[in-house]
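For reference, the structure is listed below as structure tokens.
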Amino acid sequence: MEIRILEKGYKKNPEFYQDFLDDKIADKEEYFSDETVNIQSAPEFPFYIAKKNDEQRKVLFLEAFNTIEKYYLSSDRDLHLDEQFWHSLLILKKRDFLLETYPEIQEGIENFNNIVVKDFDWENYIYKSVLAAEYISDLVTDETERQRYYEIIIDNLDLYNYMIKYEVFRSKQFVFNILTIVDELGISSLLKKKIVGRSDLATDTRIGRQVLFEFNKNYPVIMSPMMAKEELKELFVEYLGYYTSVEQLGALV
Amino acid sequence: MTYWNFSPIPNIEESNFNKILERFYNLKISGLIRENLQNSLDGRLLESKEPVKVMIKTGMIKSKNVPGISEVIDRIHSLKGRNSYTTEAINHMVKMAEEEEVHYISFEDINTRGLSGAKNGQSDSTKDTWAIYAYNKGVHSEEEDTAVETSRGGSHGVGKIASNAASDLNVMYFANCDEFGEQHLGGTVQLIEHEYQDQSYRSTGYFAKLEHLETGRNKTKFYPFQNDFNEVFEKKTRGLKIIIPFLRKEYSDQREIIRSVCDSFFISIILNKLEVDVNGKLINASNIEDFVNDSEYYTQNIADMKAEFTPLYVNTYLKEEPKKISVSDGKEDYNFNLFFRYDEEIPKGRVAIVRTIGMKIEDKKVKNKANQPFNAVLIGGAKEDAYLKSLENESHTELSVDHMKDPDLQRRAKRFINNLSKEITIILDEAITDQNPTDGKMDTKDILYVSEIQLKKEVSKAMGAVVIDKKKPVVKVQDDSLPPNNKEPNKGKKKTKTPALIKPVKRDKAASDENDSPEEQTLSLYTVHPNTVERVVVGDKEIVRFNLSSNKEVKKAATCNVGISIIDGMGKEYKNAFRLEDNYNEIYDKVAGAKCSLKNNKINQVTINQGIAELTFKLKSDYNRALKFVYYVEV
Amino acid sequence: MIYKKDANFPYPVLTNTSNSYESGGFTLNVDLKENTDNYRFDIEYEIESDFLKELLFTRKAKLYLVVQSKDNKFFEVDLNTMFIDIPKTRISINNRTSLQMSIQSKEEISFAYNDDINSFFKEFREEIIVSRYAILGFSNTVIFEGSSSRPFDLFERKVNSALSSAIKIELGSETIIIHYRDVDLQFVGLPMSGNFNNPYIYMGLQKALSRFISNYGEDGQVDLHDIDLPTDQLDAKLYRLMKAKMVFELTTETIDEAIYNISDKVIEKYALAVKGLATSGD
């Protein structure tokens, strides 16, 4: 499949939005750069996942993770982590799918900006899914185990988002190790709790985020991203102890 | 004792001064500088990577301290002018000889070989360079290594006489210290053939001891004097020192000396082959730009650069990438690097022809293009050097064919000079078309004009080099965080400025500001660069020592308040997130010998003694020993 | 991730900017190559501390190469490692790729015999103990900048007859774009027409530098020493250009001075071109 890459400048452009609705993008030469990309197959998956209940959300994320793992991860990262590629693919090849799946796109340009030409960063569902699929499929070979890890991510989305938001945490091994530790300790819901009565803390007052913030503050004096899981786990429990009682966890470590 | 020796001749035949004297006299300071610096470059220590250093000094000396000068003056009084020109010259010499204190200039070189075999005196061995230099005028010794030989500056062997020409009495001395530390003094004087005490003598006199050889009664030989003369004539480290007493007045102009050094040797200096010290002002690779960009020495307005081009050449050489050009003389091809700059502001187009040793030969005009807006520097390799050398006139100031005797060589030389002009014309025409697109020929929307191209070049230099060249190229960004010695030496050397180590910051941006009391509001807050603070955590204590002397305001304060910010793993600063009372049991001011109090999460009134403040912190048991900080002071 | 910020660590750390170590710095040079499947990073480094080299040699410390592009990758390297290959499916180089090396302790380390540290630390060295997993040194950062299809251009020109003003200066992602409504506004055909366009260049630089100040400055001023190479590619070019021209402080008041320093006399050339036109009597 050949995809022409859009020229920058299409984002937040009302004319472009109108031409998308009118299906006229392909006719207008000025929207395109002189670059094209060839990809074997580019099946659709949930490009946008929000405002759903937990169960629906899990199904959609799993579909996204699995589709990306199967069809996109063997391409160069210059492609599957590139904003212009994804936007070009969505606009030029997935228009019908988008209009059908996310009819709110037609309601206004804000929705279009938020769903279709969304900035390709940690808030973008494609971006989240690509990193999840890459990290887990690179480290877990067993198929059932892999699905289990995908579910761990979905169950700890707040923590996962926090880790891929900040570059200090955004590495395959660290993300994987933290997810494993959370799963082993069974503290998923504990980490989501808000900390009360600590006026000295900033806005991110969920326990999980605060524990990660300790890793951030101490880096690189403590080079946590390079640490093996068991070593990391000791520190994790120590930092967790700053914010909650860890006496029952002690037995698990 | 006789210091000066002239060869006796049967009778006087030639009644004029050596013609070369006048030619150098007309070249003034620049001729003198060129000859002497070039000789020093030729004498560089071949095994040394250090630049040749030449110390140029001007000053006054009592004429009685000039070795053996009374003998020269006696001879001058015996000179007889046989035409008006010589008479005038002799009268001038006689007059100048009366001065009790006279100007001198000296050129002392370092990192050079000096002359060898001085103690053998007048010798026939080609290795005894002293003998050749001191007693055989007009012939220079050939280097054993032909590569060195072709790169030598001098080719006509008349260099020394440039120094004679600079003296009112046509006298010059050379002090030599060889590799064994032997120190000798020699010298020459250029008079005319003359009669002295009933004997006729040649025009050239030598400062030397004359010794009679035992084998033949009439055979004599020159030996040099051991150098224990006045300090102006001293040369105690390996190398040669030229001393010219009775210096003509106009030769002492220091500004003109510096300009001449830059004009002729800017490439040698930029390439770090040469450093020149003029009365304590050092000109070297890292500061030559400061000289050529200083309006004390050169006009800085490009539109006025009509006779001197050195600032343009330096700029062209440092900023442009060389283009390769090939110039044929009909038989052989010669390859040069041409550094070329097109700039519509430049009033006169000139090409600096430069020898590999770094000396400029000529500001060449290109036929019919002398008024075009460009500037260029042309440098070849060893073969090109040898050829250029054969084309130079005796004063090394022009490529010419006039001095060539062989008609075939002369024809080829003419063709070479024409082809050189032609090649440069091609490049110039390309530049003109590139930068002045004519209507209708091109799609105008994508054209970049002169200034954009100039900017693009600058950006490309500032950014780095393309390492992966594809549709979306990848550039390796230049790293200026490293100390300069890790980068390419010399060419376009950058100066790195260190940022202020203690910088004032606005209150509302800095640590612990929410509840500043009114009195705190009146204090100034400074951020202290980590390199001016030392911090270490050992056992249950933490020691922090400030050196605040780099900031005048802070240094003169008697006390300061200290604030601490945490830096996270991404380099982000958290002001006021670190609570002092939660982390420290006690804070001790070492200079005052007292405990410190806390106020608004700051350490209150820490004593500064001559810019130094030191704190010792007693740590609480749960103190996080992995944190890193930046400090603020408030005075 | 790559750590660069100067800060006061609780013990001496070998870097190129701190003066904790007197013996020297920690320099890294990297070259980038590619084949069909991989990017190869050739590494060359120098650790100027015998104490730290000995720790590595005796395996009391480890050496890591950190590669940061979209995310971070860590490679444990040993003293013989010459290069690291990364498959193209797992690293993108069309944005910025930064590399750094760091040394991490594998066990508790006493600094009692560290002769490379400065005199302040030497006073306390008997007592300096650095724990496990701690950073002992980090190198300079080598940066590869990708994606720019015009890696060195600062300006682009476009002609667009539909423009609602005579000219428009746009700050693009990599360049300053001058849009002209009419080709004639470029003075094509006049001698030295290039220089007649210099006022537009001036305006473009002014606009770009103003944005630079508002992006990175505090209270309308930026100290270039304090900021890293910007990720925005136009700003990165301006940043490098200013540093190369020794413009380190940029404020709203000094924009004109900065333009003068980074551009080659655009206004003088413009004036000269106008004078030239006037005297040629055209």
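Chain labels run A, B, ... following the order of the structure tokens; each chain numbers its residues from 1, and ligands are numbered from 1 in the order shown.
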Could you please tell me, as a list in words, which residues of chain C have an atom within 7 Å of chain A when using only C-alpha atoms?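 So the residues of chain C near chain A are Met1, Asp71, Asn72, Lys73, Phe74, Lys88, Thr89, Arg90, Ile91, Ser92, Ile93, Asn94, Tyr133, Ala134 and Ile135 of chain C.
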Kindly provide, as a list in words, the residues of chain B having any atom no farther than 7 Å from an atom of chain A, counting only C-alpha atoms. Ile567, Asp568, Gly569, Met570, Ala626 and Leu627 of chain B
Could the residues in this selection be written to a file with N, CA and C atoms, as a JSON list (two decimals), in the first residue's frame?
[["chain", "number", "residue", "atom", "x", "y", "z"],
["B", 567, "ILE", "N", 17.39, 19.09, 42.27],
["B", 567, "ILE", "CA", 17.39, 18.87, 40.83],
["B", 567, "ILE", "C", 16.96, 17.43, 40.59],
["B", 568, "ASP", "N", 15.98, 17.23, 39.71],
["B", 568, "ASP", "CA", 15.55, 15.85, 39.47],
["B", 568, "ASP", "C", 16.36, 15.20, 38.35],
["B", 569, "GLY", "N", 15.99, 13.99, 37.99],
["B", 569, "GLY", "CA", 16.76, 13.20, 37.02],
["B", 569, "GLY", "C", 16.70, 13.75, 35.61],
["B", 570, "MET", "N", 15.76, 14.68, 35.38],
["B", 570, "MET", "CA", 15.68, 15.29, 34.06],
["B", 570, "MET", "C", 16.31, 16.67, 34.05],
["B", 626, "ALA", "N", 20.75, 10.50, 48.18],
["B", 626, "ALA", "CA", 20.91, 10.43, 46.72],
["B", 626, "ALA", "C", 20.52, 11.73, 46.03],
["B", 627, "LEU", "N", 20.20, 12.75, 46.80],
["B", 627, "LEU", "CA", 19.73, 13.98, 46.17],
["B", 627, "LEU", "C", 20.90, 14.83, 45.68]]
Per DSSP on the backbone, what are the strand (DSSP E or B) residues of segment 104-192 of chain C, as a VMD selection string? chain C and resid 104 to 105 109 to 110 117 129 to 130 135 to 138 142 to 145 155 to 159 167 to 171 176 to 180
Which of segment 33-224 of chain A end up as alpha helix (DSSP H) when DSSP is run on this backbone - answer as an MDAnalysis selection string? chainID A and resid 54:71 77:80 83:93 95:101 109:115 125:139 143:155 157:165 172:185 188:192 207:218
Using only C-alpha atoms, which protein or nucleic acid residues come within 9 Å of Ile105 of chain B? Drop anything in the same chain fewer than 6 positions from it, and give the result as JSON, numbers by chain. {"B": [56, 57, 58, 59, 60, 242, 243, 244, 245, 246, 247, 251, 252]}
Excluding Leu21 of chain B and any residue of its chain fewer than 6 positions from it, enumerate the residues within 8 Å of it, using only C-alpha atoms, and give them as a PDB file with N, CA and C atoms, in the first residue's frame.
ATOM      1  N   ILE B 161      70.672  40.946   2.811  1.00  0.00           N
ATOM      2  CA  ILE B 161      70.926  42.321   2.396  1.00  0.00           C
ATOM      3  C   ILE B 161      69.723  43.225   2.697  1.00  0.00           C
ATOM      4  N   ALA B 162      68.546  42.611   2.858  1.00  0.00           N
ATOM      5  CA  ALA B 162      67.377  43.386   3.263  1.00  0.00           C
ATOM      6  C   ALA B 162      67.639  44.041   4.609  1.00  0.00           C
ATOM      7  N   ASN B 164      70.718  44.846   5.793  1.00  0.00           N
ATOM      8  CA  ASN B 164      71.674  45.936   5.590  1.00  0.00           C
ATOM      9  C   ASN B 164      70.947  47.193   5.126  1.00  0.00           C
ATOM     10  N   ALA B 165      69.954  46.980   4.244  1.00  0.00           N
ATOM     11  CA  ALA B 165      69.255  48.124   3.655  1.00  0.00           C
ATOM     12  C   ALA B 165      68.487  48.920   4.693  1.00  0.00           C
TER      13      ALA B 165
END
Nearby residues (only C-alpha atoms) at most 9 Å from Lys128 of chain A, same-chain spacing under 4 positions excluded, as a short mmCIF file (atom, residue, chain, number, x, y, z; two decimals) with N, CA, C and O atoms, in the first residue's frame:
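Written file, part.cif:
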data_model
loop_
_atom_site.label_atom_id
_atom_site.label_comp_id
_atom_site.auth_asym_id
_atom_site.auth_seq_id
_atom_site.Cartn_x
_atom_site.Cartn_y
_atom_site.Cartn_z
N ASP A 121 2.14 12.09 21.07
CA ASP A 121 2.91 12.00 22.30
C ASP A 121 2.20 11.05 23.27
O ASP A 121 1.30 10.34 22.86
N TRP A 122 2.55 11.09 24.53
CA TRP A 122 2.03 10.10 25.47
C TRP A 122 0.51 10.13 25.60
O TRP A 122 -0.09 9.15 26.06
N GLU A 123 -0.12 11.21 25.20
CA GLU A 123 -1.58 11.26 25.30
C GLU A 123 -2.26 10.62 24.08
O GLU A 123 -3.46 10.40 24.09
N ASN A 124 -1.50 10.39 23.05
CA ASN A 124 -2.05 9.83 21.82
C ASN A 124 -2.16 8.30 21.98
O ASN A 124 -1.20 7.64 22.36
N ALA A 132 3.63 0.15 24.07
CA ALA A 132 3.23 -1.03 24.84
C ALA A 132 3.53 -2.31 24.05
O ALA A 132 4.13 -3.25 24.57
N ALA A 133 3.13 -2.30 22.79
CA ALA A 133 3.32 -3.49 21.96
C ALA A 133 4.81 -3.78 21.78
O ALA A 133 5.26 -4.93 21.87
N TYR A 160 1.39 3.61 33.85
CA TYR A 160 1.99 3.45 32.53
C TYR A 160 2.09 4.81 31.82
O TYR A 160 3.12 5.19 31.29
N ASN A 161 0.99 5.58 31.85
CA ASN A 161 0.99 6.90 31.24
C ASN A 161 2.07 7.78 31.84
O ASN A 161 2.77 8.50 31.15
N ILE A 164 5.49 6.76 30.52
CA ILE A 164 5.86 7.12 29.14
C ILE A 164 5.78 8.63 28.92
O ILE A 164 6.26 9.16 27.93
#
Just want the 6 Å neighbourhood of Trp130 of chain B, counted on only C-alpha atoms, with same-chain residues fewer than 4 positions away dropped. Output as a PyMOL selection string. chain B and resi 115-118+134
So that I have them on file, write out the residues from the current selection with N, CA, C and O atoms, as a PDB file, in the first residue's frame.
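Just written: out_29.pdb:
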ATOM      1  N   LEU B 115      72.391  28.303  13.027  1.00  0.00           N
ATOM      2  CA  LEU B 115      73.383  27.901  12.035  1.00  0.00           C
ATOM      3  C   LEU B 115      74.333  26.915  12.690  1.00  0.00           C
ATOM      4  O   LEU B 115      74.550  26.954  13.895  1.00  0.00           O
ATOM      5  N   SER B 116      74.946  26.032  11.864  1.00  0.00           N
ATOM      6  CA  SER B 116      75.846  25.051  12.458  1.00  0.00           C
ATOM      7  C   SER B 116      77.278  25.253  11.969  1.00  0.00           C
ATOM      8  O   SER B 116      77.512  25.875  10.947  1.00  0.00           O
ATOM      9  N   GLY B 117      78.193  24.748  12.734  1.00  0.00           N
ATOM     10  CA  GLY B 117      79.603  24.738  12.329  1.00  0.00           C
ATOM     11  C   GLY B 117      80.286  26.085  12.388  1.00  0.00           C
ATOM     12  O   GLY B 117      81.259  26.321  11.666  1.00  0.00           O
ATOM     13  N   ALA B 118      79.806  26.990  13.239  1.00  0.00           N
ATOM     14  CA  ALA B 118      80.403  28.322  13.299  1.00  0.00           C
ATOM     15  C   ALA B 118      81.883  28.241  13.667  1.00  0.00           C
ATOM     16  O   ALA B 118      82.712  28.983  13.136  1.00  0.00           O
ATOM     17  N   ALA B 134      77.416  33.395   6.653  1.00  0.00           N
ATOM     18  CA  ALA B 134      78.202  34.536   7.086  1.00  0.00           C
ATOM     19  C   ALA B 134      79.122  35.082   6.002  1.00  0.00           C
ATOM     20  O   ALA B 134      79.347  36.288   5.933  1.00  0.00           O
TER      21      ALA B 134
END
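Atom CA of Val140 of chain A lies 21.3 Å from atom CA of Lys70 of chain C.
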Determine, counting only C-alpha atoms, which protein, DNA and RNA residues have an atom within 8 Å of an atom of segment 79-91 of chain B; residues of the same chain fewer than 3 positions away are not included. Present the result as a list in words.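 The residues satisfying every condition are Ser15, Asn16, Phe17, Arg75, Ile76, Val94, Lys95, Ile192, Glu193, His194 and Glu195 of chain B.
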Atom pair atom CA of Tyr387 of chain B / atom CA of Pro322 of chain B: separation (Å): 20.6 Å
Smallest atom-to-atom distance to chain B: which of C:Glu170, C:Glu107, C:Asp184, C:Glu54, using only C-alpha atoms? C:Asp184
Report the distance between atom CA of Lys168 of chain C and atom CA of Tyr180 of chain C in Å, rounded to one decimal place. 6.6 Å
